[in-house]
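As stored in work-v9.csv (CSV, C-alpha atoms and all ligand atoms):
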chain,number,residue,atom,x,y,z
A,929,GLU,CA,-37.5,-47.4,-58.8
A,930,ARG,CA,-36.4,-50.8,-57.4
A,931,LEU,CA,-39.7,-51.8,-55.7
A,932,PRO,CA,-41.4,-53.2,-58.9
A,933,ALA,CA,-38.2,-55.2,-59.7
A,934,LEU,CA,-38.2,-56.7,-56.2
A,935,LEU,CA,-42.0,-57.5,-56.4
A,936,ALA,CA,-41.4,-59.3,-59.7
A,937,ALA,CA,-38.3,-61.1,-58.7
A,938,MET,CA,-39.2,-62.3,-55.2
A,939,PRO,CA,-40.2,-66.0,-55.0
A,940,LYS,CA,-43.9,-66.4,-54.1
A,941,ALA,CA,-46.8,-68.8,-53.7
A,942,GLU,CA,-50.1,-68.3,-55.5
A,943,LEU,CA,-53.0,-69.6,-53.4
A,944,HIS,CA,-56.1,-68.1,-55.2
A,945,ILE,CA,-56.2,-68.8,-58.9
A,946,HIS,CA,-59.2,-70.3,-60.7
A,947,ILE,CA,-57.8,-72.3,-63.5
A,948,GLU,CA,-60.9,-71.5,-65.7
A,949,GLY,CA,-60.1,-67.9,-65.0
A,950,SER,CA,-56.7,-68.2,-66.6
A,951,LEU,CA,-58.2,-69.0,-70.0
A,952,GLU,CA,-57.1,-66.2,-72.3
A,953,PRO,CA,-59.5,-65.0,-75.0
A,954,GLU,CA,-57.0,-66.3,-77.7
A,955,MET,CA,-57.1,-69.8,-76.1
A,956,ILE,CA,-60.9,-69.6,-75.8
A,957,PHE,CA,-61.1,-69.1,-79.6
A,958,ALA,CA,-58.4,-71.7,-80.4
A,959,LEU,CA,-60.3,-74.3,-78.3
A,960,ALA,CA,-63.6,-73.3,-79.8
A,961,ARG,CA,-62.2,-73.9,-83.2
A,962,ARG,CA,-60.5,-77.2,-82.2
A,963,ASN,CA,-63.7,-78.5,-80.6
A,964,GLY,CA,-66.3,-77.1,-83.0
A,965,VAL,CA,-68.0,-75.0,-80.2
A,966,ASP,CA,-70.0,-72.0,-81.3
A,967,LEU,CA,-69.2,-68.8,-79.3
A,968,PRO,CA,-71.6,-65.8,-79.0
A,969,TYR,CA,-68.7,-63.5,-79.8
A,970,ALA,CA,-67.3,-62.8,-83.3
A,971,ASN,CA,-63.7,-62.6,-82.3
A,972,VAL,CA,-61.1,-62.1,-79.6
A,973,GLU,CA,-61.6,-58.3,-79.6
A,974,ALA,CA,-65.4,-58.7,-79.2
A,975,LEU,CA,-65.0,-61.1,-76.3
A,976,ARG,CA,-62.5,-58.7,-74.6
A,977,ARG,CA,-64.9,-55.9,-75.0
A,978,ALA,CA,-67.4,-57.9,-73.0
A,979,TYR,CA,-65.0,-57.9,-70.0
A,980,ALA,CA,-66.6,-54.8,-68.5
A,981,PHE,CA,-67.9,-56.0,-65.2
A,982,THR,CA,-70.0,-54.3,-62.6
A,983,ASP,CA,-70.1,-56.9,-59.9
A,984,LEU,CA,-69.3,-60.6,-59.2
A,985,GLN,CA,-72.3,-62.0,-61.1
A,986,SER,CA,-71.6,-60.0,-64.3
A,987,PHE,CA,-68.2,-61.6,-64.4
A,988,LEU,CA,-69.4,-65.1,-63.5
A,989,ASP,CA,-71.8,-65.1,-66.5
A,990,ILE,CA,-69.0,-64.5,-69.0
A,991,TYR,CA,-66.5,-66.8,-67.1
A,992,TYR,CA,-68.9,-69.8,-67.3
A,993,ALA,CA,-69.5,-69.0,-71.0
A,994,GLY,CA,-65.7,-69.0,-71.7
A,995,ALA,CA,-65.3,-72.4,-70.0
A,996,SER,CA,-67.8,-74.0,-72.4
A,997,VAL,CA,-64.9,-74.6,-74.9
A,998,LEU,CA,-63.2,-77.1,-72.6
A,999,LEU,CA,-64.2,-80.6,-73.6
A,1000,LYS,CA,-61.1,-82.9,-73.8
A,1001,GLU,CA,-58.4,-83.9,-71.4
A,1002,GLN,CA,-55.9,-82.1,-73.6
A,1003,ASP,CA,-57.9,-78.9,-73.3
A,1004,PHE,CA,-57.6,-78.9,-69.5
A,1005,TYR,CA,-53.9,-79.8,-69.8
A,1006,ASP,CA,-53.2,-77.0,-72.2
A,1007,MET,CA,-55.1,-74.5,-70.0
A,1008,ALA,CA,-53.2,-75.4,-66.8
A,1009,SER,CA,-49.9,-75.7,-68.6
A,1010,ALA,CA,-50.2,-72.2,-70.0
A,1011,TYR,CA,-51.1,-70.9,-66.5
A,1012,LEU,CA,-48.1,-72.6,-64.9
A,1013,ALA,CA,-45.7,-71.4,-67.5
A,1014,ARG,CA,-47.0,-67.9,-67.0
A,1015,ALA,CA,-46.8,-68.2,-63.2
A,1016,ALA,CA,-43.2,-69.4,-63.4
A,1017,MET,CA,-42.3,-66.3,-65.3
A,1018,ASP,CA,-43.7,-64.3,-62.3
A,1019,ASN,CA,-41.4,-66.3,-59.9
A,1020,VAL,CA,-44.3,-68.3,-58.5
A,1021,VAL,CA,-42.6,-71.4,-57.0
A,1022,HIS,CA,-45.8,-73.0,-55.6
A,1023,ALA,CA,-49.4,-72.7,-56.7
A,1024,GLU,CA,-52.6,-74.1,-55.2
A,1025,ILE,CA,-55.1,-74.1,-58.1
A,1026,PHE,CA,-58.9,-74.0,-57.9
A,1027,PHE,CA,-61.0,-75.9,-60.4
A,1028,ASP,CA,-64.8,-75.9,-60.8
A,1029,PRO,CA,-65.8,-79.5,-61.7
A,1030,GLN,CA,-69.5,-78.7,-61.8
A,1031,THR,CA,-69.0,-76.2,-64.6
A,1032,HIS,CA,-67.8,-79.1,-66.7
A,1033,THR,CA,-69.8,-82.1,-65.5
A,1034,ALA,CA,-73.0,-80.0,-66.1
A,1035,ARG,CA,-72.0,-80.0,-69.8
A,1036,GLY,CA,-71.4,-83.7,-69.9
A,1037,VAL,CA,-67.7,-83.6,-69.4
A,1038,ALA,CA,-66.5,-86.4,-67.1
A,1039,ILE,CA,-64.8,-85.4,-63.9
A,1040,ASP,CA,-62.0,-87.9,-64.8
A,1041,THR,CA,-61.3,-85.8,-68.0
A,1042,VAL,CA,-61.0,-82.6,-65.9
A,1043,ILE,CA,-58.8,-84.0,-63.1
A,1044,GLN,CA,-56.6,-86.1,-65.3
A,1045,GLY,CA,-55.8,-83.1,-67.6
A,1046,LEU,CA,-55.2,-80.7,-64.8
A,1047,HIS,CA,-53.1,-83.1,-62.8
A,1048,ARG,CA,-50.9,-84.1,-65.7
A,1049,ALA,CA,-50.1,-80.4,-66.3
A,1050,CYS,CA,-49.1,-80.1,-62.6
A,1051,VAL,CA,-46.8,-83.1,-62.8
A,1052,ASP,CA,-45.2,-81.9,-66.0
A,1053,ALA,CA,-44.7,-78.4,-64.6
A,1054,ARG,CA,-42.8,-79.7,-61.7
A,1055,ALA,CA,-40.4,-81.6,-64.0
A,1056,GLU,CA,-40.1,-78.9,-66.7
A,1057,LEU,CA,-40.4,-75.6,-64.7
A,1058,GLY,CA,-39.5,-76.6,-61.2
A,1059,ILE,CA,-42.8,-75.2,-59.9
A,1060,SER,CA,-44.9,-77.2,-57.4
A,1061,ALA,CA,-48.6,-77.2,-58.0
A,1062,SER,CA,-51.6,-78.7,-56.3
A,1063,LEU,CA,-55.3,-78.7,-57.0
A,1064,ILE,CA,-58.3,-77.6,-54.9
A,1065,LEU,CA,-61.7,-78.8,-55.9
A,1066,SER,CA,-64.2,-75.9,-55.6
A,1067,PHE,CA,-67.9,-76.3,-55.2
A,1068,LEU,CA,-70.3,-73.9,-56.9
A,1069,ARG,CA,-72.3,-72.2,-54.1
A,1070,HIS,CA,-75.2,-71.2,-56.4
A,1071,LEU,CA,-75.9,-74.9,-56.8
A,1072,SER,CA,-77.3,-77.2,-54.0
A,1073,GLU,CA,-75.5,-79.0,-51.3
A,1074,GLU,CA,-76.8,-82.2,-52.8
A,1075,ASP,CA,-75.1,-81.3,-56.1
A,1076,ALA,CA,-71.9,-80.7,-54.1
A,1077,PHE,CA,-72.2,-84.1,-52.5
A,1078,ALA,CA,-72.7,-85.8,-55.9
A,1079,THR,CA,-69.6,-84.0,-57.2
A,1080,LEU,CA,-67.6,-85.2,-54.2
A,1081,GLU,CA,-68.8,-88.7,-54.9
A,1082,GLN,CA,-67.6,-88.5,-58.5
A,1083,ALA,CA,-64.2,-87.1,-57.3
A,1084,LEU,CA,-63.5,-89.8,-54.7
A,1085,PRO,CA,-61.5,-92.1,-57.1
A,1086,TRP,CA,-59.2,-89.1,-57.6
A,1087,MET,CA,-58.7,-88.1,-54.0
A,1088,ASP,CA,-54.9,-88.4,-54.3
A,1089,LYS,CA,-55.0,-85.7,-57.0
A,1090,PHE,CA,-56.4,-82.8,-55.1
A,1091,ILE,CA,-55.4,-81.5,-51.6
A,1092,GLY,CA,-58.6,-79.8,-50.5
A,1093,VAL,CA,-62.0,-78.2,-51.3
A,1094,GLY,CA,-63.2,-74.6,-51.7
A,1095,LEU,CA,-66.4,-72.7,-52.2
A,1096,ASP,CA,-66.9,-70.2,-55.0
A,1097,SER,CA,-69.4,-68.6,-57.4
A,1098,SER,CA,-72.2,-66.2,-56.5
A,1099,GLU,CA,-71.7,-65.3,-52.8
A,1100,LEU,CA,-74.7,-63.1,-51.8
A,1101,GLY,CA,-77.7,-65.3,-50.9
A,1102,HIS,CA,-75.5,-68.4,-50.6
A,1103,PRO,CA,-74.0,-68.4,-47.1
A,1104,PRO,CA,-71.4,-71.0,-46.0
A,1105,GLU,CA,-74.0,-72.7,-43.8
A,1106,LYS,CA,-75.7,-74.0,-46.9
A,1107,PHE,CA,-72.6,-76.4,-47.3
A,1108,ALA,CA,-72.1,-77.4,-43.6
A,1109,ARG,CA,-72.6,-81.2,-44.2
A,1110,VAL,CA,-70.6,-81.6,-47.3
A,1111,PHE,CA,-67.7,-79.7,-45.8
A,1112,ALA,CA,-67.9,-81.8,-42.7
A,1113,ARG,CA,-67.6,-84.9,-44.9
A,1114,CYS,CA,-64.6,-83.4,-46.7
A,1115,ARG,CA,-62.8,-82.7,-43.4
A,1116,GLU,CA,-63.5,-86.4,-42.4
A,1117,LEU,CA,-61.8,-87.4,-45.6
A,1118,GLY,CA,-58.7,-85.5,-44.6
A,1119,LEU,CA,-59.1,-82.7,-47.2
A,1120,HIS,CA,-58.0,-79.2,-46.5
A,1121,VAL,CA,-60.9,-76.7,-46.5
A,1122,VAL,CA,-61.0,-73.1,-47.7
A,1123,ALA,CA,-63.9,-70.9,-48.7
A,1124,HIS,CA,-64.6,-67.6,-50.6
A,1125,ALA,CA,-66.2,-65.3,-48.0
A,1126,GLY,CA,-66.4,-61.5,-47.6
A,1127,GLU,CA,-65.7,-60.7,-51.2
A,1128,GLU,CA,-69.1,-59.1,-51.7
A,1129,GLY,CA,-70.8,-60.8,-48.7
A,1130,PRO,CA,-70.9,-59.5,-45.1
A,1131,PRO,CA,-68.6,-60.4,-42.2
A,1132,ALA,CA,-71.2,-62.9,-41.1
A,1133,TYR,CA,-70.3,-65.1,-44.1
A,1134,ILE,CA,-66.6,-65.1,-42.9
A,1135,TRP,CA,-67.7,-66.1,-39.4
A,1136,GLY,CA,-69.8,-68.8,-41.0
A,1137,ALA,CA,-66.9,-70.0,-43.1
A,1138,LEU,CA,-64.7,-70.2,-39.9
A,1139,ASP,CA,-67.2,-71.6,-37.4
A,1140,VAL,CA,-69.4,-73.9,-39.6
A,1141,LEU,CA,-67.1,-74.9,-42.5
A,1142,LYS,CA,-63.9,-74.7,-40.3
A,1143,ALA,CA,-62.2,-73.0,-43.2
A,1144,GLU,CA,-58.4,-72.9,-42.8
A,1145,ARG,CA,-58.1,-69.9,-45.2
A,1146,ILE,CA,-60.5,-67.3,-46.3
A,1147,ASP,CA,-60.5,-66.4,-50.0
A,1148,HIS,CA,-60.9,-62.6,-50.4
A,1149,GLY,CA,-62.1,-61.8,-46.9
A,1150,VAL,CA,-61.7,-58.1,-47.5
A,1151,GLN,CA,-65.1,-57.2,-45.9
A,1152,ALA,CA,-63.6,-58.4,-42.5
A,1153,VAL,CA,-62.4,-54.8,-41.9
A,1154,HIS,CA,-66.0,-53.9,-41.0
A,1155,ASP,CA,-66.0,-56.2,-37.9
A,1156,ALA,CA,-63.4,-55.5,-35.3
A,1157,ALA,CA,-64.0,-58.8,-33.4
A,1158,LEU,CA,-63.5,-60.7,-36.6
A,1159,MET,CA,-60.3,-58.9,-37.4
A,1160,ARG,CA,-59.0,-59.9,-33.9
A,1161,ARG,CA,-60.0,-63.5,-34.5
A,1162,LEU,CA,-58.3,-63.7,-37.9
A,1163,ALA,CA,-55.1,-62.2,-36.5
A,1164,GLU,CA,-55.0,-64.3,-33.3
A,1165,GLU,CA,-55.7,-67.6,-35.2
A,1166,ARG,CA,-53.5,-66.6,-38.1
A,1167,ILE,CA,-56.2,-67.4,-40.6
A,1168,PRO,CA,-54.8,-66.4,-44.0
A,1169,LEU,CA,-56.7,-64.2,-46.4
A,1170,THR,CA,-56.1,-64.7,-50.1
A,1171,VAL,CA,-56.6,-61.2,-51.4
A,1172,CYS,CA,-57.0,-60.4,-55.1
A,1173,PRO,CA,-56.6,-56.7,-55.7
A,1174,LEU,CA,-57.2,-56.5,-59.5
A,1175,SER,CA,-60.2,-58.8,-59.1
A,1176,ASN,CA,-61.6,-56.5,-56.4
A,1177,LEU,CA,-61.0,-53.5,-58.7
A,1178,LYS,CA,-62.6,-55.0,-61.8
A,1179,LEU,CA,-65.6,-56.3,-59.8
A,1180,CYS,CA,-66.1,-52.9,-58.2
A,1181,VAL,CA,-65.5,-54.1,-54.6
A,1182,PHE,CA,-63.2,-51.0,-54.3
A,1183,PRO,CA,-63.5,-47.9,-56.5
A,1184,SER,CA,-59.7,-47.8,-57.1
A,1185,LEU,CA,-56.6,-49.7,-56.1
A,1186,ALA,CA,-55.7,-46.7,-54.0
A,1187,ALA,CA,-58.8,-47.4,-52.0
A,1188,HIS,CA,-57.9,-51.0,-51.4
A,1189,ASN,CA,-57.7,-52.1,-47.7
A,1190,LEU,CA,-54.6,-54.4,-48.1
A,1191,PRO,CA,-52.5,-51.9,-46.0
A,1192,ALA,CA,-55.2,-52.1,-43.2
A,1193,LEU,CA,-55.2,-55.9,-43.3
A,1194,LEU,CA,-51.4,-56.0,-43.0
A,1195,GLU,CA,-51.4,-53.3,-40.3
A,1196,ALA,CA,-53.9,-55.4,-38.2
A,1197,GLY,CA,-51.4,-58.3,-38.3
A,1198,LEU,CA,-53.5,-60.5,-40.6
A,1199,VAL,CA,-51.8,-63.2,-42.8
A,1200,ALA,CA,-52.8,-61.5,-46.0
A,1201,THR,CA,-51.5,-62.7,-49.4
A,1202,VAL,CA,-51.7,-61.2,-52.9
A,1203,ASN,CA,-53.2,-63.4,-55.7
A,1204,SER,CA,-54.6,-63.1,-59.2
A,1205,ASP,CA,-58.0,-64.9,-58.9
A,1206,ASP,CA,-59.0,-64.9,-62.7
A,1207,PRO,CA,-56.0,-63.3,-64.4
A,1208,ALA,CA,-57.3,-63.6,-68.0
A,1209,TYR,CA,-60.4,-61.7,-67.0
A,1210,PHE,CA,-59.1,-59.1,-64.6
A,1211,GLY,CA,-56.1,-57.8,-66.5
A,1212,GLY,CA,-53.1,-59.2,-64.8
A,1213,TYR,CA,-51.2,-62.2,-63.3
A,1214,ILE,CA,-49.8,-62.2,-59.8
A,1215,ASN,CA,-46.9,-59.8,-60.5
A,1216,ALA,CA,-49.2,-57.3,-62.1
A,1217,ASN,CA,-51.3,-57.5,-58.9
A,1218,PHE,CA,-48.3,-56.8,-56.7
A,1219,ILE,CA,-46.9,-54.0,-58.9
A,1220,GLN,CA,-50.1,-52.1,-59.6
A,1221,THR,CA,-51.2,-52.4,-55.9
A,1222,PHE,CA,-47.9,-51.1,-54.6
A,1223,ALA,CA,-47.9,-48.3,-57.2
A,1224,ALA,CA,-51.3,-47.2,-56.1
A,1225,LEU,CA,-50.6,-47.4,-52.4
A,1226,PRO,CA,-47.2,-45.8,-51.7
A,1227,ILE,CA,-47.6,-46.7,-48.0
A,1228,LEU,CA,-46.6,-50.2,-49.0
A,1229,THR,CA,-42.8,-50.7,-48.9
A,1230,ALA,CA,-40.2,-53.4,-49.5
A,1231,ARG,CA,-40.9,-54.6,-45.9
A,1232,HIS,CA,-44.6,-55.3,-46.9
A,1233,ALA,CA,-43.4,-57.0,-50.1
A,1234,TRP,CA,-41.3,-59.4,-48.0
A,1235,GLN,CA,-44.2,-59.9,-45.5
A,1236,LEU,CA,-46.6,-60.8,-48.3
A,1237,ALA,CA,-44.2,-63.3,-49.9
A,1238,HIS,CA,-43.5,-64.8,-46.5
A,1239,ASN,CA,-47.3,-65.0,-45.8
A,1240,SER,CA,-47.9,-66.8,-49.0
A,1241,PHE,CA,-45.6,-69.6,-47.9
A,1242,GLU,CA,-47.0,-69.7,-44.4
A,1243,ALA,CA,-50.5,-69.8,-45.7
A,1244,SER,CA,-49.8,-72.6,-48.2
A,1245,PHE,CA,-50.6,-76.2,-47.6
A,1246,ALA,CA,-47.1,-77.3,-48.7
A,1247,PRO,CA,-45.1,-79.5,-46.4
A,1248,GLN,CA,-43.4,-77.6,-43.5
A,1249,ALA,CA,-39.9,-78.4,-44.9
A,1250,GLU,CA,-40.7,-76.9,-48.2
A,1251,LYS,CA,-42.2,-73.8,-46.6
A,1252,ARG,CA,-39.1,-73.2,-44.6
A,1253,ALA,CA,-36.9,-73.6,-47.7
A,1254,TRP,CA,-38.9,-71.1,-49.6
A,1255,GLY,CA,-38.9,-68.5,-46.8
A,1301,LIG,N1,-65.5,-65.2,-56.5
A,1301,LIG,C1,-66.4,-66.2,-56.6
A,1301,LIG,N2,-66.4,-67.1,-57.5
A,1301,LIG,C2,-65.4,-67.1,-58.4
A,1301,LIG,C3,-64.4,-66.1,-58.4
A,1301,LIG,C4,-64.5,-65.1,-57.3
A,1301,LIG,O1,-63.7,-64.2,-57.2
A,1301,LIG,N3,-63.6,-66.4,-59.4
A,1301,LIG,C5,-64.0,-67.5,-60.0
A,1301,LIG,N4,-65.2,-67.9,-59.4
A,1302,ZN,ZN,-61.8,-66.5,-56.4
Structure encoded using structure tokens:
Amino acid sequence: ERLPALLAAMPKAELHIHIEGSLEPEMIFALARRNGVDLPYANVEALRRAYAFTDLQSFLDIYYAGASVLLKEQDFYDMASAYLARAAMDNVVHAEIFFDPQTHTARGVAIDTVIQGLHRACVDARAELGISASLILSFLRHLSEEDAFATLEQALPWMDKFIGVGLDSSELGHPPEKFARVFARCRELGLHVVAHAGEEGPPAYIWGALDVLKAERIDHGVQAVHDAALMRRLAEERIPLTVCPLSNLKLCVFPSLAAHNLPALLEAGLVATVNSDDPAYFGGYINANFIQTFAALPILTARHAWQLAHNSFEASFAPQAEKRAWG
């Protein structure tokens, strides 16, 4: 079977990866030891056993606990360097990486520490691996808009080190409208804007992300299939969806990969992409997402593989010239 080999080998961009979600259990324990942080798990195996999620919130609780071992600039550097080396093995040539500053500043870690460590990893990865990588600052939507504004303020001295802002964490009960003002300010500052919407939340949250936040991409967006007018809008305006199949499977958004709606999104002409979201927690990096999804959905062919890789470059915020060179 040549399809898995093609999926693995094709150059691709990854546009939906939370760097804190790339923290493997082994690195969580190594950093806990290095930093003298106590973990409520006896060992790597016990932590892995806790990765049995029922919905988004059950994952987020463990994801934020895992991030508690990150204290020093070197920790952020090591985490991002490990992800970028792993992504390069999957033939990712460009990555746009979310980071959650509030998860760290709430624990007393300076935003300078976070951004400097992550940025240094991106710079070194370009030199050492030939991979281009950019950062997207993501606001936690379970916190207030005021808290998001304070975070943006702290990030202003580092504006040249991230290309845009996103919106993640607990979706239900926290609609995009809650962040209308802070996203307007980010747009004025010339930042790209994206938002998680329609992962667990209704199509109305995708409309809100588009109309109120003016999101240029929708992260997840799989609930759009329940709204025909929204599907037409996404197709006509070529608003990309950064789909994460293994994440959707592990968070019970779909009962199986065979039931995933990626084929329907592509069939409707949407600029869908495949991404890993939180690979250390969901059981696979980007190539595992491609290979397992295509194996479960035999309707997907080499033509779809090419389309998804092409979409990933079109949907990226890389300069036009680079996008064209990648395909
Ligand atoms: N959804 C919302 N918040 C997140 C996710 C996600 O898939 N991953 C990390 N934070
Ligand atoms: Zn996500």
**OP:** May I ask you to write as a list in words all residues lying at most 6 Å from ligand LIG 1301 (chain A), with all atoms listed in the file counted?
**Re:** His946, Asp1096, Ser1097, Ser1098, Asp1205 and Asp1206 of chain A
Original post:
In Å, with one decimal, what is the gap from atom CA of Leu1095 of chain A to atom CA of Val1171 of chain A?
Top reply: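 Computing the Euclidean distance for atom CA of Leu1095 of chain A and atom CA of Val1171 of chain A yields 15.1 Å.
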**OP:** Please indicate the distance in Å from atom CA of Leu1084 of chain A to atom CA of Pro1029 of chain A, rounded to one decimal place.
**Re:**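 Computed distance, atom CA of Leu1084 of chain A to atom CA of Pro1029 of chain A, equals 12.7 Å.
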**OP:** Point out the residue among A:Glu1165, A:Glu1105, A:Glu973, A:Glu942 with the least atom-to-atom distance to ligand ZN 1302 (chain A), counting only C-alpha atoms and all ligand atoms.
**Re:**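 Selected residue with least distance to ligand ZN 1302 (chain A): A:Glu942.
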Who sits within 10 Å of Arg1035 of chain A, all atoms listed in the file, same chain under 2 positions skipped, as a PDB file with C-alpha atoms, in the coordinates of the input:
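This is the output file selection23.pdb:
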ATOM      1  CA  SER A 996     -67.800 -74.000 -72.400  1.00  0.00           C
ATOM      2  CA  LEU A 998     -63.200 -77.100 -72.600  1.00  0.00           C
ATOM      3  CA  LEU A 999     -64.200 -80.600 -73.600  1.00  0.00           C
ATOM      4  CA  GLN A1030     -69.500 -78.700 -61.800  1.00  0.00           C
ATOM      5  CA  THR A1031     -69.000 -76.200 -64.600  1.00  0.00           C
ATOM      6  CA  HIS A1032     -67.800 -79.100 -66.700  1.00  0.00           C
ATOM      7  CA  THR A1033     -69.800 -82.100 -65.500  1.00  0.00           C
ATOM      8  CA  VAL A1037     -67.700 -83.600 -69.400  1.00  0.00           C
ATOM      9  CA  ALA A1038     -66.500 -86.400 -67.100  1.00  0.00           C
TER      10      ALA A1038
END
Subject >> Atom-to-atom span, atom CA of Ile945 of chain A and atom CA of Gly1212 of chain A, Å >> reply: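 Those two atoms sit 11.7 Å apart.
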Original post:
Leaving out Leu1194 of chain A and any residue of its chain fewer than 6 positions from it, which residues lie within 12 Å of it when counting only C-alpha atoms, given as an NGL selection string?
Top reply: :A and (1150 or 1153 or 1159 or 1162-1163 or 1166 or 1168-1169 or 1171 or 1188 or 1200-1202 or 1227-1229 or 1231-1236 or 1239)
Original post:
When distances are computed from only C-alpha atoms, which of A:Asn963, A:Ser1072, A:Gln1082, A:Thr1221 shows the smallest separation from His1102 of chain A?
Top reply: A:Ser1072
Original post:
From the list A:Arg976, A:Gly1094, A:Leu931, A:Ala941, which residue is nearest Gln1220 of chain A when using only C-alpha atoms?
Top reply: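 Checking each of A:Arg976, A:Gly1094, A:Leu931, A:Ala941 against Gln1220 of chain A, counting only C-alpha atoms, the winner is A:Leu931.
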Original post:
A:Asp1147, A:Asp1075, A:Glu1195, A:Asp1088: which is nearest ligand ZN 1302 (chain A), counting only C-alpha atoms and all ligand atoms?
Top reply: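 Using only C-alpha atoms and all ligand atoms, the shortest distance to ligand ZN 1302 (chain A) belongs to A:Asp1147.
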**OP:** For Val972 of chain A, work out the shell of residues within 9 Å, counting all atoms listed in the file and skipping chain neighbours fewer than 3 positions away, then give it as a PyMOL selection string.
**Re:** chain A and resi 953-954+956-957+969+975-977
Original post:
Residues at most 6 Å from Glu1024 of chain A, counting all atoms listed in the file, excluding those fewer than 5 positions away in the same chain, as a list in words?
Top reply: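 Near neighbours after the sequence-gap exclusion: Leu943, Ala1061, Ser1062 and Leu1063 of chain A.
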